$ cat upload21.txt   # compact mmCIF, C-alpha atoms
# COMPACT_ATOMS: atom_id res chain seq x y z
CA MET A 464 -2.82 30.85 7.81
CA ILE A 465 -0.29 28.11 8.36
CA TYR A 466 -2.76 25.20 8.68
CA LEU A 467 -4.47 26.04 5.41
CA ARG A 468 -1.15 26.42 3.65
CA LEU A 469 0.05 23.04 4.96
CA PHE A 470 -3.21 21.43 3.89
CA LEU A 471 -3.08 22.91 0.38
CA SER A 472 0.61 22.13 -0.11
CA PHE A 473 0.19 18.50 0.85
CA MET A 474 -2.98 18.19 -1.16
CA LYS A 475 -0.94 19.33 -4.16
CA ILE A 476 1.77 16.79 -3.31
CA GLY A 477 -0.88 14.08 -3.17
CA PHE A 478 -2.48 14.95 -6.49
CA CYS A 479 0.84 15.33 -8.30
CA SER A 480 2.34 11.99 -7.36
CA PHE A 481 1.70 8.28 -7.36
CA GLY A 482 3.09 7.46 -3.94
CA GLY A 483 6.46 6.20 -2.80
CA MET A 484 9.64 7.67 -4.22
CA THR A 485 7.77 9.53 -6.99
CA MET A 486 6.68 11.95 -4.26
CA ILE A 487 10.17 13.16 -3.40
CA PRO A 488 10.62 15.77 -6.17
CA VAL A 489 7.15 17.23 -5.51
CA ILE A 490 7.73 17.23 -1.76
CA ASN A 491 11.07 18.94 -2.33
CA ASP A 492 9.48 21.70 -4.40
CA GLU A 493 6.82 22.48 -1.84
CA VAL A 494 8.77 22.34 1.40
CA LEU A 495 11.74 24.25 0.00
CA ARG A 496 9.47 26.92 -1.44
CA TYR A 497 8.08 27.80 1.96
CA GLY A 498 11.37 27.21 3.75
CA TRP A 499 9.80 24.48 5.88
CA MET A 500 12.79 22.18 5.50
CA THR A 501 16.19 22.05 3.82
CA ALA A 502 17.04 19.58 1.05
CA ALA A 503 19.18 17.59 3.50
CA GLU A 504 16.25 17.32 5.88
CA VAL A 505 14.09 15.97 3.08
CA MET A 506 16.59 13.14 2.62
CA ASP A 507 16.48 12.55 6.38
CA ILE A 508 12.72 12.22 6.27
CA VAL A 509 13.05 9.55 3.58
CA ALA A 510 15.30 7.67 6.00
CA VAL A 511 12.82 8.17 8.82
CA ALA A 512 10.03 6.93 6.59
CA GLU A 513 12.00 3.74 6.03
CA MET A 514 12.28 3.20 9.78
CA THR A 515 8.59 3.61 10.51
CA PRO A 516 5.58 1.71 9.29
CA GLY A 517 3.29 3.42 6.81
CA SER A 518 3.77 5.28 3.58
CA LEU A 519 6.33 7.91 2.72
CA GLY A 520 3.61 10.46 1.95
CA ILE A 521 1.87 10.25 5.32
CA ASN A 522 5.19 10.11 7.15
CA CYS A 523 6.47 13.16 5.37
CA ALA A 524 3.27 15.12 5.95
CA THR A 525 3.40 14.23 9.64
CA PHE A 526 7.05 15.18 9.94
CA VAL A 527 6.70 18.55 8.20
CA GLY A 528 3.38 19.37 9.88
CA LEU A 529 4.78 18.55 13.29
CA ARG A 530 7.84 20.65 12.65
CA VAL A 531 5.98 23.67 11.31
CA ALA A 532 2.81 23.78 13.35
CA GLY A 533 2.74 21.07 16.00
CA ALA A 534 0.28 18.19 16.34
CA LEU A 535 -2.57 20.01 14.62
CA GLY A 536 -0.22 20.82 11.75
CA ALA A 537 0.64 17.13 11.45
CA CYS A 538 -3.05 16.27 11.19
CA THR A 539 -3.92 18.93 8.60
CA ALA A 540 -0.91 18.04 6.44
CA SER A 541 -1.80 14.32 6.61
CA LEU A 542 -5.41 15.05 5.73
CA GLY A 543 -4.18 17.12 2.79
CA VAL A 544 -2.06 14.33 1.38
CA MET A 545 -5.03 11.96 1.72
CA MET A 546 -7.34 14.16 -0.34
CA PRO A 547 -6.85 12.40 -3.71
CA SER A 548 -7.84 9.12 -2.08
CA LEU A 549 -10.84 10.65 -0.36
CA THR A 550 -12.11 12.19 -3.60
CA LEU A 551 -10.95 10.35 -6.74
CA SER A 552 -10.68 6.85 -5.27
CA MET A 553 -13.94 7.34 -3.41
CA ALA A 554 -15.71 8.30 -6.65
CA ALA A 555 -14.13 5.38 -8.49
CA VAL A 556 -15.20 2.76 -5.96
CA HIS A 557 -18.71 4.22 -5.83
CA PHE A 558 -18.93 3.85 -9.60
CA LEU A 559 -17.50 0.30 -9.50
CA LEU A 560 -20.01 -0.85 -6.88
CA ARG A 561 -22.91 0.79 -8.74
CA LEU A 562 -22.05 -1.10 -11.91
CA LYS A 563 -21.40 -4.39 -10.15
CA GLY A 564 -22.59 -7.29 -12.25
CA ASN A 565 -22.44 -5.31 -15.50
CA LYS A 566 -20.94 -7.64 -18.09
CA TRP A 567 -18.85 -4.98 -19.80
CA LEU A 568 -17.38 -3.85 -16.52
CA GLU A 569 -16.67 -7.46 -15.63
CA SER A 570 -14.90 -7.92 -18.99
CA ALA A 571 -12.71 -4.89 -18.35
CA LEU A 572 -11.88 -6.08 -14.84
CA ARG A 573 -10.92 -9.50 -16.17
CA GLY A 574 -8.19 -7.69 -18.05
CA VAL A 575 -7.17 -5.67 -15.00
CA ARG A 576 -6.93 -8.62 -12.58
CA PRO A 577 -4.02 -10.43 -14.23
CA ALA A 578 -2.30 -7.05 -14.64
CA SER A 579 -2.65 -6.60 -10.87
CA LEU A 580 -0.95 -9.92 -10.30
CA GLY A 581 1.85 -9.14 -12.75
CA MET A 582 2.46 -5.81 -11.01
CA LEU A 583 2.52 -7.49 -7.61
CA VAL A 584 5.12 -10.08 -8.58
CA ALA A 585 7.21 -7.43 -10.35
CA ALA A 586 7.11 -5.32 -7.18
CA ALA A 587 8.40 -8.31 -5.19
CA LEU A 588 11.21 -8.82 -7.69
CA THR A 589 12.28 -5.17 -7.81
CA LEU A 590 12.15 -4.85 -4.04
CA GLY A 591 14.00 -8.16 -3.69
CA ILE A 592 16.84 -7.02 -5.91
CA SER A 593 17.21 -3.69 -4.12
CA THR A 594 17.18 -5.41 -0.74
CA PHE A 595 19.30 -8.48 -1.43
CA VAL A 596 21.89 -7.06 -3.81
CA ILE A 597 23.93 -4.09 -2.66
CA GLY A 598 26.37 -2.98 -5.32
CA THR A 599 27.56 -6.33 -6.62
CA THR A 600 27.48 -8.27 -3.36
CA VAL A 601 24.61 -10.60 -2.64
CA GLN A 602 23.36 -10.34 0.93
CA TRP A 603 23.02 -14.06 1.66
CA ASN A 604 22.20 -13.46 5.32
CA LEU A 605 19.16 -11.38 4.32
CA ILE A 606 18.07 -14.00 1.79
CA MET A 607 18.24 -16.59 4.57
CA ILE A 608 16.12 -14.38 6.83
CA ALA A 609 13.55 -14.03 4.05
CA CYS A 610 13.53 -17.83 3.53
CA VAL A 611 13.16 -18.66 7.23
CA ALA A 612 10.43 -16.07 7.73
CA GLY A 613 8.74 -17.17 4.52
CA PHE A 614 8.77 -20.79 5.73
CA LEU A 615 7.20 -19.79 9.06
CA MET A 616 4.52 -17.84 7.24
CA PHE A 617 3.70 -20.28 4.42
CA ARG A 618 4.08 -23.62 6.21
CA LEU A 619 3.41 -22.86 9.86
CA LYS A 620 0.79 -20.18 9.07
CA LEU A 621 2.39 -17.60 11.30
CA SER A 622 0.48 -14.29 11.13
CA ILE A 623 2.03 -11.32 9.32
CA PRO A 624 2.69 -9.18 12.44
CA LYS A 625 4.38 -12.14 14.17
CA THR A 626 6.39 -12.93 11.05
CA ILE A 627 7.62 -9.33 10.92
CA LEU A 628 8.62 -9.48 14.59
CA VAL A 629 10.52 -12.73 14.00
CA ALA A 630 12.29 -11.12 11.03
CA ALA A 631 13.22 -8.13 13.17
CA VAL A 632 14.83 -10.43 15.75
CA LEU A 633 16.61 -12.43 13.02
CA GLY A 634 17.81 -9.13 11.56
CA LEU A 635 19.21 -8.10 14.92
CA LEU A 636 21.10 -11.39 15.14
CA PHE A 637 22.27 -11.87 11.54
CA GLY A 638 21.36 -8.72 9.56
CA MET B 278 -25.66 -0.52 16.22
CA GLU B 279 -24.43 -3.19 13.84
CA ARG B 280 -23.07 -0.44 11.60
CA TRP B 281 -21.12 1.25 14.39
CA LYS B 282 -19.61 -2.04 15.41
CA ARG B 283 -18.52 -2.67 11.83
CA LEU B 284 -16.99 0.81 11.53
CA TRP B 285 -15.08 0.23 14.74
CA VAL B 286 -13.73 -3.10 13.51
CA ILE B 287 -12.66 -1.53 10.19
CA PHE B 288 -10.88 1.24 12.08
CA ILE B 289 -9.09 -1.05 14.55
CA VAL B 290 -8.07 -3.69 12.01
CA MET B 291 -6.76 -1.02 9.63
CA ALA B 292 -4.77 0.54 12.49
CA LYS B 293 -3.26 -2.88 13.21
CA ILE B 294 -2.36 -3.29 9.53
CA GLY B 295 -0.89 0.22 9.50
CA LEU B 296 1.43 -0.73 12.32
CA PHE B 297 2.93 -3.54 10.24
CA THR B 298 3.29 -1.92 6.84
CA PHE B 299 6.87 -1.68 5.72
CA GLY B 300 8.58 -1.44 2.36
CA GLY B 301 5.97 0.20 0.17
CA GLY B 302 2.30 -0.51 -0.08
CA TRP B 303 2.16 -4.01 -1.49
CA SER B 304 2.57 -5.77 1.84
CA ILE B 305 -0.86 -4.63 3.03
CA ILE B 306 -2.63 -6.62 0.30
CA VAL B 307 -2.26 -9.99 2.00
CA GLN B 308 -3.14 -8.52 5.40
CA ILE B 309 -6.37 -7.02 4.02
CA GLN B 310 -7.12 -10.33 2.33
CA ASN B 311 -6.59 -12.21 5.63
CA GLU B 312 -8.64 -9.89 7.78
CA PHE B 313 -11.54 -8.89 5.57
CA VAL B 314 -11.92 -11.73 3.07
CA GLU B 315 -10.85 -14.85 4.95
CA LYS B 316 -11.72 -14.00 8.54
CA ARG B 317 -14.80 -11.83 8.11
CA GLY B 318 -16.09 -12.29 4.56
CA TRP B 319 -16.87 -8.58 4.19
CA MET B 320 -15.18 -8.38 0.79
CA THR B 321 -14.51 -10.77 -2.06
CA GLU B 322 -11.15 -11.84 -3.38
CA GLU B 323 -12.09 -10.35 -6.78
CA GLN B 324 -12.51 -6.96 -5.16
CA ILE B 325 -9.04 -7.13 -3.60
CA VAL B 326 -7.48 -7.93 -6.96
CA ASP B 327 -9.51 -5.26 -8.77
CA TYR B 328 -8.65 -2.60 -6.24
CA MET B 329 -4.93 -3.15 -5.86
CA SER B 330 -3.83 -2.06 -9.31
CA LEU B 331 -6.41 0.73 -9.32
CA ALA B 332 -5.04 1.95 -5.98
CA LYS B 333 -1.57 1.94 -7.45
CA SER B 334 -2.59 3.83 -10.57
CA PHE B 335 -4.70 6.54 -8.93
CA PRO B 336 -2.98 9.73 -7.78
CA GLY B 337 -2.02 9.83 -4.14
CA ILE B 338 -0.74 7.22 -1.75
CA MET B 339 -1.39 3.65 -2.75
CA ILE B 340 -2.22 2.25 0.68
CA ILE B 341 -4.56 5.13 1.48
CA ASN B 342 -6.29 4.65 -1.88
CA MET B 343 -6.57 0.92 -1.12
CA SER B 344 -8.04 1.63 2.33
CA VAL B 345 -10.61 3.99 0.82
CA PHE B 346 -11.61 1.41 -1.82
CA CYS B 347 -12.00 -1.29 0.83
CA GLY B 348 -13.58 0.87 3.53
CA TYR B 349 -16.19 2.21 1.10
CA THR B 350 -17.00 -1.28 -0.12
CA MET B 351 -17.56 -2.54 3.42
CA CYS B 352 -19.32 0.44 4.98
CA GLY B 353 -19.85 3.40 2.61
CA ILE B 354 -18.28 6.84 2.99
CA THR B 355 -17.86 6.57 6.76
CA GLY B 356 -16.18 3.20 6.24
CA ALA B 357 -13.73 4.81 3.84
CA PHE B 358 -12.85 7.49 6.38
CA ALA B 359 -12.54 4.95 9.21
CA ALA B 360 -10.20 2.84 7.09
CA ALA B 361 -8.01 5.71 5.88
CA ILE B 362 -7.66 7.31 9.31
CA GLY B 363 -7.13 3.96 11.02
CA LEU B 364 -4.40 3.02 8.58
CA SER B 365 -2.50 6.29 9.03
CA LEU B 366 -2.75 6.65 12.82
CA PRO B 367 0.13 4.29 13.71
CA ALA B 368 2.34 6.11 11.22
CA LEU B 369 1.51 9.42 12.86
CA GLY B 370 2.50 8.07 16.27
CA ALA B 371 5.60 6.29 15.03
CA ILE B 372 6.89 9.26 13.10
CA ALA B 373 6.52 11.55 16.10
CA LEU B 374 8.53 9.10 18.17
CA VAL B 375 11.23 8.44 15.58
CA THR B 376 11.62 12.14 14.77
CA TYR B 377 12.26 12.81 18.42
CA PHE B 378 15.02 10.20 18.65
CA TYR B 379 16.18 10.54 15.04
CA ASN B 380 19.77 11.55 15.64
CA SER B 381 20.52 8.63 17.93
CA LEU B 382 18.59 6.16 15.73
CA LYS B 383 20.31 7.25 12.53
CA THR B 384 23.71 6.00 13.63
CA ASN B 385 22.54 3.04 15.71
CA VAL B 386 23.84 -0.22 14.24
CA PHE B 387 21.16 -2.36 15.92
CA VAL B 388 18.39 -0.29 14.35
CA ALA B 389 19.99 -0.81 10.95
CA LYS B 390 20.13 -4.57 11.55
CA ILE B 391 16.51 -4.78 12.63
CA LEU B 392 15.45 -2.79 9.58
CA ASN B 393 17.42 -5.14 7.35
CA GLY B 394 15.44 -8.04 8.77
CA VAL B 395 12.12 -6.26 8.33
CA ARG B 396 12.93 -5.22 4.76
CA SER B 397 13.84 -8.80 3.87
CA VAL B 398 10.57 -10.26 5.09
CA VAL B 399 8.50 -7.87 2.99
CA ILE B 400 9.38 -9.87 -0.11
CA PRO B 401 7.90 -13.23 1.01
CA ILE B 402 4.90 -11.29 2.34
CA ILE B 403 4.25 -9.79 -1.09
CA LEU B 404 4.77 -13.17 -2.74
CA SER B 405 2.26 -14.76 -0.37
CA ALA B 406 -0.33 -12.26 -1.64
CA ALA B 407 0.46 -13.32 -5.21
CA VAL B 408 0.05 -17.01 -4.32
CA LYS B 409 -3.29 -16.40 -2.63
CA LEU B 410 -4.73 -14.23 -5.38
CA LYS B 411 -3.47 -16.31 -8.30
CA LYS B 412 -6.61 -18.37 -8.79
CA THR B 413 -8.78 -15.24 -8.83
CA ALA B 414 -6.60 -13.34 -11.28
CA LEU B 415 -5.71 -16.15 -13.66
CA LYS B 416 -8.84 -17.87 -14.89
CA GLU B 417 -8.31 -18.11 -18.63
CA VAL B 418 -5.43 -18.28 -21.11
CA PRO B 419 -5.54 -14.57 -22.13
CA ALA B 420 -5.19 -13.69 -18.45
CA TYR B 421 -1.86 -15.52 -18.27
CA VAL B 422 -0.64 -13.51 -21.26
CA ILE B 423 -1.71 -10.18 -19.71
CA ALA B 424 -0.08 -11.11 -16.40
CA ALA B 425 3.18 -12.10 -18.08
CA ILE B 426 3.38 -8.94 -20.17
CA THR B 427 2.61 -6.72 -17.17
CA PHE B 428 5.22 -8.51 -15.12
CA VAL B 429 7.94 -8.04 -17.74
CA VAL B 430 7.09 -4.38 -18.37
CA CYS B 431 6.94 -3.53 -14.65
CA ALA B 432 10.09 -5.48 -13.80
CA LEU B 433 12.19 -3.93 -16.56
CA SER B 434 10.89 -0.36 -16.64
CA SER B 435 9.16 2.22 -14.50
CA PHE B 436 6.39 2.61 -17.05
CA ASN B 437 3.42 4.53 -15.67
CA LYS B 438 1.15 2.11 -13.79
CA ALA B 439 -1.99 4.07 -14.66
CA VAL B 440 -1.30 3.57 -18.38
CA ILE B 441 -0.72 -0.16 -17.83
CA VAL B 442 -4.04 -0.51 -16.00
CA LEU B 443 -5.80 1.41 -18.77
CA ILE B 444 -4.31 -0.85 -21.45
CA ALA B 445 -5.27 -3.97 -19.46
CA LEU B 446 -8.79 -2.61 -19.08
CA VAL B 447 -9.17 -2.07 -22.84
CA ALA B 448 -7.64 -5.50 -23.49
CA GLY B 449 -10.24 -7.02 -21.16
CA LEU B 450 -13.05 -5.27 -23.00
CA LEU B 451 -11.74 -6.42 -26.40
CA ILE B 452 -11.06 -10.01 -25.33
CA TRP B 453 -14.24 -10.78 -23.42
CA ARG B 454 -16.59 -8.21 -25.07
CA GLY B 455 -19.17 -8.44 -22.32
CA GLY B 456 -19.61 -12.12 -23.10
CA ILE B 457 -19.04 -13.34 -19.55
CA GLU B 458 -20.94 -16.53 -18.74
CA ASP B 459 -23.15 -16.81 -15.71
CA ASP B 460 -20.30 -17.23 -13.27
CA LEU B 461 -20.94 -13.74 -11.95
CA SER B 462 -21.83 -14.01 -8.35

$ encode --input "upload21.txt" --output "structure tokens"
Amino acid sequence: MIYLRLFLSFMKIGFCSFGGMTMIPVINDEVLRYGWMTAAEVMDIVAVAEMTPGSLGINCATFVGLRVAGALGACTASLGVMMPSLTLSMAAVHFLLRLKGNKWLESALRGVRPASLGMLVAAALTLGISTFVIGTTVQWNLIMIACVAGFLMFRLKLSIPKTILVAAVLGLLFG
Amino acid sequence: MERWKRLWVIFIVMAKIGLFTFGGGWSIIVQIQNEFVEKRGWMTEEQIVDYMSLAKSFPGIMIINMSVFCGYTMCGITGAFAAAIGLSLPALGAIALVTYFYNSLKTNVFVAKILNGVRSVVIPIILSAAVKLKKTALKEVPAYVIAAITFVVCALSSFNKAVIVLIALVAGLLIWRGGIEDDLS
């Protein structure tokens, strides 16, 4: 049955990856195996995922599901790719909340919190380099857009959705 | 009744966040912080910081993991489902639309320009999360050291995030040894 197969395939993709680009090889394996898409189409879906909000995993599941088995296929594939979150993460947060206030847990989390921050800033740096430097040319216009939008957000307290819309308009004009 | 209202709010707010998530998962952190910590007080800032690296290091999609962590914290299992489904709904709609028009969008120069703008703004958005969460994450000297090491390792390599979180967790246990003062609240 096609729905079950979509669900299981995308569940496997979910469990075998850590989101983002790490999913591409696993996605490739699964969708090529069943002949759901060609390798070129997988690269197209990465481009589509860039154009739309949301994560690559959900976008890919929706795209393949829609293609293979319509709207219901899109839903089952998306649910499949969400399964690790709905099981492992669910169990983890249950455990965390149960042990809330435990001094040993709090000690461990005090180590994790600064690591979170370090990861966050590193993500900004990596993403910044890949966005602002193409080859060896620095995209000054994009840096300016980031600065203007950042100013609106930090100083004038513009909300995130509005800031993104402003950046889209600036991109249209100068990007 | 109160519970249903809360579930509805979680669902709607997550859908709104899902509509404005570009460039990987990190940009949702500050939106979740705004909506659920600052505006509504349903979560604490500590929880946001705890969850974000865990979400990254668990298998599956980071933002869905994050939504499950947050949804469960605010409203149990149903909250987790409301959050995860809410967050992915806009993507489902958008992808259907974009797929339909893909061939004309792919070569459209205006679309490329708009996306350039959107990709650029993701960086200040992520940095704003770092600025907001700094005081929660960096309370003592050892924390600065852990943050600096993590930053360098993540910036220079694609070292497995789950291993990094595990090391940080053990470091936390060894450094503080359960000897946290009464500032637990």

$ interface_residues --input "upload21.txt" --of "chain A" --to "chain B" --cutoff "6 Å" --atoms "all atoms listed in the file" --output "PDB file with C-alpha atoms, in the coordinates of the input"
ATOM      1  CA  GLY A 477      -0.880  14.080  -3.170  1.00  0.00           C
ATOM      2  CA  PHE A 478      -2.480  14.950  -6.490  1.00  0.00           C
ATOM      3  CA  SER A 480       2.340  11.990  -7.360  1.00  0.00           C
ATOM      4  CA  PHE A 481       1.700   8.280  -7.360  1.00  0.00           C
ATOM      5  CA  GLY A 482       3.090   7.460  -3.940  1.00  0.00           C
ATOM      6  CA  PRO A 516       5.580   1.710   9.290  1.00  0.00           C
ATOM      7  CA  GLY A 517       3.290   3.420   6.810  1.00  0.00           C
ATOM      8  CA  PRO A 547      -6.850  12.400  -3.710  1.00  0.00           C
ATOM      9  CA  SER A 548      -7.840   9.120  -2.080  1.00  0.00           C
ATOM     10  CA  SER A 552     -10.680   6.850  -5.270  1.00  0.00           C
ATOM     11  CA  VAL A 556     -15.200   2.760  -5.960  1.00  0.00           C
ATOM     12  CA  LYS A 566     -20.940  -7.640 -18.090  1.00  0.00           C
ATOM     13  CA  TRP A 567     -18.850  -4.980 -19.800  1.00  0.00           C
ATOM     14  CA  SER A 570     -14.900  -7.920 -18.990  1.00  0.00           C
ATOM     15  CA  ALA A 571     -12.710  -4.890 -18.350  1.00  0.00           C
ATOM     16  CA  ARG A 573     -10.920  -9.500 -16.170  1.00  0.00           C
ATOM     17  CA  GLY A 574      -8.190  -7.690 -18.050  1.00  0.00           C
ATOM     18  CA  VAL A 575      -7.170  -5.670 -15.000  1.00  0.00           C
ATOM     19  CA  ARG A 576      -6.930  -8.620 -12.580  1.00  0.00           C
ATOM     20  CA  PRO A 577      -4.020 -10.430 -14.230  1.00  0.00           C
ATOM     21  CA  ALA A 578      -2.300  -7.050 -14.640  1.00  0.00           C
ATOM     22  CA  SER A 579      -2.650  -6.600 -10.870  1.00  0.00           C
ATOM     23  CA  GLY A 581       1.850  -9.140 -12.750  1.00  0.00           C
ATOM     24  CA  MET A 582       2.460  -5.810 -11.010  1.00  0.00           C
ATOM     25  CA  ALA A 585       7.210  -7.430 -10.350  1.00  0.00           C
ATOM     26  CA  ALA A 587       8.400  -8.310  -5.190  1.00  0.00           C
ATOM     27  CA  LEU A 605      19.160 -11.380   4.320  1.00  0.00           C
ATOM     28  CA  ALA A 609      13.550 -14.030   4.050  1.00  0.00           C
ATOM     29  CA  GLY A 613       8.740 -17.170   4.520  1.00  0.00           C
ATOM     30  CA  ALA A 630      12.290 -11.120  11.030  1.00  0.00           C
ATOM     31  CA  ALA A 631      13.220  -8.130  13.170  1.00  0.00           C
ATOM     32  CA  GLY A 634      17.810  -9.130  11.560  1.00  0.00           C
ATOM     33  CA  LEU A 635      19.210  -8.100  14.920  1.00  0.00           C
ATOM     34  CA  GLY A 638      21.360  -8.720   9.560  1.00  0.00           C
TER      35      GLY A 638
END

$ atom_distance --input "upload21.txt" --atom1 "atom CA of Ile608 of chain A" --atom2 "atom CA of Leu633 of chain A"
6.5 Å

$ atom_distance --input "upload21.txt" --atom1 "atom CA of Gly520 of chain A" --atom2 "atom CA of Ile476 of chain A"
8.4 Å

$ closest_residue --input "upload21.txt" --among "B:Thr384, B:Val290, B:Ser434, B:Arg280" --to "Lys316 of chain B" --atoms "only C-alpha atoms"
B:Val290

$ atom_distance --input "upload21.txt" --atom1 "atom CA of Phe470 of chain A" --atom2 "atom CA of Gly543 of chain A"
4.6 Å
